[in-house]
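Here's the structure we're looking at; comments come further down.
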Amino acid sequence: MTERRKREGRLWDVWTRRKQYDRPGMKRYYQIRDRNQAWLVASAREVLAEKIDVRTLKTDLWNEGKKNERFFMDSPGINFGIDISGQVCRLAKEKAGGRLRVVNASIGFLPFRPQSFDLILDISTIDHFDEPEHAIKEYCRILKPQGVVLIVADNPFYLGFPVLQMQSFFKLHVPFKAFPPSRIRRACEGAGLRVVRSFYTYLHLPAFIAYFLEERRLLDRINQGRNVLWNIGKKYTVVLARKV
């Protein structure tokens with residue numbers, strides 16, 4: 001890992017110590033997030049030609065280390081996870097209990113051989129990175145032929161994105177970046193990946209809104225819906241691409 005990446009890792013170590021999530025009152029919210037992320041991963045697995053003994057890489061472990069989210073740790077197959085923060089890696093390794101192979105690394109330099117993975121899950125990692133094209137080339141390098149990458153990235157057209165920018169500026173939140181969906185798709189195509197699907201989702205919402213919609217059985221419909229009404233201002237761009 002380069003000196004620059006090490007500095008970024010130390011910055012994330014600081015954020016790891018600052019941010020606290022394990023609050024009993026949020027258990028229901030994290031269960032909803034788990035379900036939403038499981039839906040996205042299931043969408044990616046549907047694209048895979050080979051679905052047995054899938055080797056999967058998740059490109060950050062913040063949720064596993066800080067939020068006790070279980071869906072990836074408990075997923076079938078051979079699962080690897082990386083994180084640029086050594087602190088997050090330590091927490092994730094403790095909580096995984098041997099069910100997850102953890103590596104301290106950056107998406108800018110993945111310490112794996114070419115054609116190592118069937119599936120790569122980038123669930124809001126790339127939107128903390130300055131060079132999405134470089135990261136996507138790395139994903140393509142380590143994907144097996146016909147392997148699939150799921151990229152979930154902040155949408156700069158999301159109505160609440162200016163608030164995230166202000167929070168980042170005043171160091172109230174981890175730094176966020178956002179890339180137009182067209183840039184993510186072009187980066188995939190330029191790296192040798194074929195875009196299979198592209199859509200928008202919320203993935204997660206403020207807790208009080210999520211609970212309100214969940215009680216009315218509207219949450220999944222809004223989160224997973226594809227019509228124009230549901231897509232106005234959604235927080236995340238989702239791109240599913242396959243190595244050709």
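In the structure tokens, the first chain shown is A, the next is B, and so on; residue numbers restart at 1 for each chain, and ligands run from 1 in the order shown.
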
Query raised in the report: Could you name the residues that touch A:Glu64 at 9 Å or less, counting only C-alpha atoms, but leaving out those on the same chain fewer than 2 positions away, as a VMD selection string?
Result: chain A and resid 60 to 62 66 to 73 88 91 to 93 95 to 96

Query raised in the report: Where does DSSP see strand (DSSP E or B) in stretch 111-198 of chain A, if you list the residues as a PyMOL selection string?
Result: chain A and resi 117-123+143-154+193-198

Query raised in the report: Using only C-alpha atoms, which residues sit within 10 Å of A:Phe199 once same-chain residues fewer than 5 positions away are excluded, as a list in words?
Result: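 Returned residues: Val152, Pro181, Gln224, Gly225, Arg226, Asn231, Lys234, Tyr236, Thr237, Val238, Val239 and Leu240 of chain A.
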
Selected residues written out with C-alpha atoms, as a PDB file, in the first residue's frame:
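See out.pdb below for the written result:
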```pdb
ATOM      1  CA  VAL A 152     -23.364   1.007  -5.533  1.00  0.00           C
ATOM      2  CA  PRO A 181     -24.026   7.280 -13.333  1.00  0.00           C
ATOM      3  CA  GLN A 224     -36.774  -1.566  -5.453  1.00  0.00           C
ATOM      4  CA  GLY A 225     -39.191   0.212  -7.782  1.00  0.00           C
ATOM      5  CA  ARG A 226     -38.033   1.293 -11.220  1.00  0.00           C
ATOM      6  CA  ASN A 231     -36.503   7.137  -9.048  1.00  0.00           C
ATOM      7  CA  LYS A 234     -32.741   8.333  -5.159  1.00  0.00           C
ATOM      8  CA  TYR A 236     -27.544   5.569  -4.996  1.00  0.00           C
ATOM      9  CA  THR A 237     -26.677   4.537  -8.518  1.00  0.00           C
ATOM     10  CA  VAL A 238     -26.431   0.760  -8.946  1.00  0.00           C
ATOM     11  CA  VAL A 239     -24.422  -0.783 -11.796  1.00  0.00           C
ATOM     12  CA  LEU A 240     -24.156  -4.508 -12.446  1.00  0.00           C
TER      13      LEU A 240
END
```

Neighbour list for A:His204 as an mmCIF file with C-alpha atoms, in the first residue's frame, cut-off 9 Å, only C-alpha atoms, skip fewer than 5 positions in-chain:
```cif
data_model
loop_
_atom_site.group_PDB
_atom_site.id
_atom_site.type_symbol
_atom_site.label_atom_id
_atom_site.label_comp_id
_atom_site.auth_asym_id
_atom_site.auth_seq_id
_atom_site.Cartn_x
_atom_site.Cartn_y
_atom_site.Cartn_z
ATOM 1 C CA TYR A 29 -33.041 -0.245 11.309
ATOM 2 C CA ILE A 32 -33.879 -3.341 7.285
ATOM 3 C CA ARG A 33 -30.461 -2.377 5.881
ATOM 4 C CA ASN A 36 -31.896 -4.193 1.396
ATOM 5 C CA ALA A 210 -37.866 3.727 6.922
ATOM 6 C CA ASN A 223 -36.601 0.984 -2.649
ATOM 7 C CA LYS A 235 -29.519 8.259 -3.173
#
```

Query raised in the report: Which residue gives the smallest distance to A:Leu205 among A:Gly65, A:Gly81, A:Gly160, A:Gly25, with only C-alpha atoms counted?
Result: A:Gly160

Requested in this report: Please report, as number ranges by chain, each residue of stretch 7-210 of chain A to which DSSP assigns helix (DSSP H, G or I) when run on this structure's backbone.
Outcome: A: 7-18, 24-47, 62-66, 86-96, 126-128, 132-142, 161-169, 181-191, 207-210

Tell me, as a PDB file with C-alpha atoms, in the first residue's frame, which residues lie within 10 Å of A:Thr59, counting only C-alpha atoms; anything in the same chain fewer than 5 positions away does not count.
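File produced: around.pdb:
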```
ATOM      1  CA  PHE A  80     -13.164 -12.221   1.369  1.00  0.00           C
ATOM      2  CA  GLY A  81     -13.341  -8.643   2.604  1.00  0.00           C
ATOM      3  CA  ILE A  82     -10.927  -5.734   2.432  1.00  0.00           C
ATOM      4  CA  ASP A  83     -10.843  -2.378   4.152  1.00  0.00           C
ATOM      5  CA  ILE A  84      -8.390   0.501   4.027  1.00  0.00           C
ATOM      6  CA  VAL A 103      -7.313  -8.162   4.287  1.00  0.00           C
ATOM      7  CA  ALA A 105      -6.028  -3.062   1.543  1.00  0.00           C
ATOM      8  CA  SER A 106      -7.290  -0.276  -0.719  1.00  0.00           C
ATOM      9  CA  ILE A 107      -9.474  -0.639  -3.808  1.00  0.00           C
ATOM     10  CA  LEU A 110      -5.966  -5.032  -4.652  1.00  0.00           C
ATOM     11  CA  ILE A 120     -17.120  -8.284  -6.331  1.00  0.00           C
ATOM     12  CA  LEU A 121     -19.382  -6.216  -4.092  1.00  0.00           C
ATOM     13  CA  ASP A 122     -18.631  -2.502  -3.947  1.00  0.00           C
ATOM     14  CA  ILE A 123     -21.455  -1.185  -1.776  1.00  0.00           C
ATOM     15  CA  SER A 124     -20.631   2.511  -1.414  1.00  0.00           C
ATOM     16  CA  THR A 125     -16.848   2.114  -1.331  1.00  0.00           C
ATOM     17  CA  ILE A 126     -15.996   3.745  -4.637  1.00  0.00           C
ATOM     18  CA  TYR A 139     -11.963  -5.033 -10.216  1.00  0.00           C
ATOM     19  CA  ILE A 151     -21.188  -1.136  -7.786  1.00  0.00           C
TER      20      ILE A 151
END
```

Query raised in the report: If we count only C-alpha atoms, what is near A:Leu119 at a cut-off of 9 Å, once residues fewer than 5 positions away on the same chain are taken out, given as an MDAnalysis selection string?
Result: chainID A and resid 44:45 48 54:58 143:144 147:150

Query raised in the report: So, counting only C-alpha atoms, which residue among A:Leu40, A:Met26, A:Val174, A:Met166 is closest to A:Tyr211?
Result: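 Checking each of A:Leu40, A:Met26, A:Val174, A:Met166 against A:Tyr211, counting only C-alpha atoms, the winner is A:Met26.
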
Requested in this report: Go ahead and compute the interatomic distance for atom CA of A:Cys140 and atom CA of A:Gly97, in Å to one decimal.
Outcome: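 One can read the atom CA of A:Cys140 to atom CA of A:Gly97 distance as 29.4 Å.
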
May I have the residues within 10 Å of stretch 188-190 of chain A as a CSV table (one decimal) with C-alpha atoms, in the first residue's frame, using only C-alpha atoms and disregarding those fewer than 3 positions away in the same chain?
```
chain,number,residue,atom,x,y,z
A,132,PRO,CA,-13.2,5.4,-9.9
A,133,GLU,CA,-11.8,4.4,-13.3
A,135,ALA,CA,-10.6,1.0,-9.1
A,136,ILE,CA,-12.9,-0.5,-11.7
A,137,LYS,CA,-9.8,-1.6,-13.7
A,139,TYR,CA,-12.0,-5.0,-10.2
A,140,CYS,CA,-11.8,-6.2,-13.8
A,149,VAL,CA,-19.2,-6.7,-10.1
A,151,ILE,CA,-21.2,-1.1,-7.8
A,182,SER,CA,-22.8,7.7,-16.9
A,183,ARG,CA,-19.2,7.9,-15.6
A,184,ILE,CA,-19.5,4.7,-13.7
A,185,ARG,CA,-20.9,2.9,-16.7
A,193,LEU,CA,-16.8,-5.0,-18.4
A,194,ARG,CA,-20.2,-5.2,-20.0
A,195,VAL,CA,-23.0,-3.3,-18.1
A,239,VAL,CA,-24.4,-0.8,-11.8
A,240,LEU,CA,-24.2,-4.5,-12.4
A,241,ALA,CA,-21.4,-5.4,-14.9
A,242,ARG,CA,-19.9,-8.7,-16.2
A,243,LYS,CA,-16.4,-9.4,-17.4
A,244,VAL,CA,-16.4,-10.2,-21.1
```

Requested in this report: Just give me the gap between atom CA of A:Pro180 and atom CA of A:Phe157 in Å, one decimal is fine.
Outcome: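 So the two atoms, atom CA of A:Pro180 and atom CA of A:Phe157, lie 7.9 Å apart.
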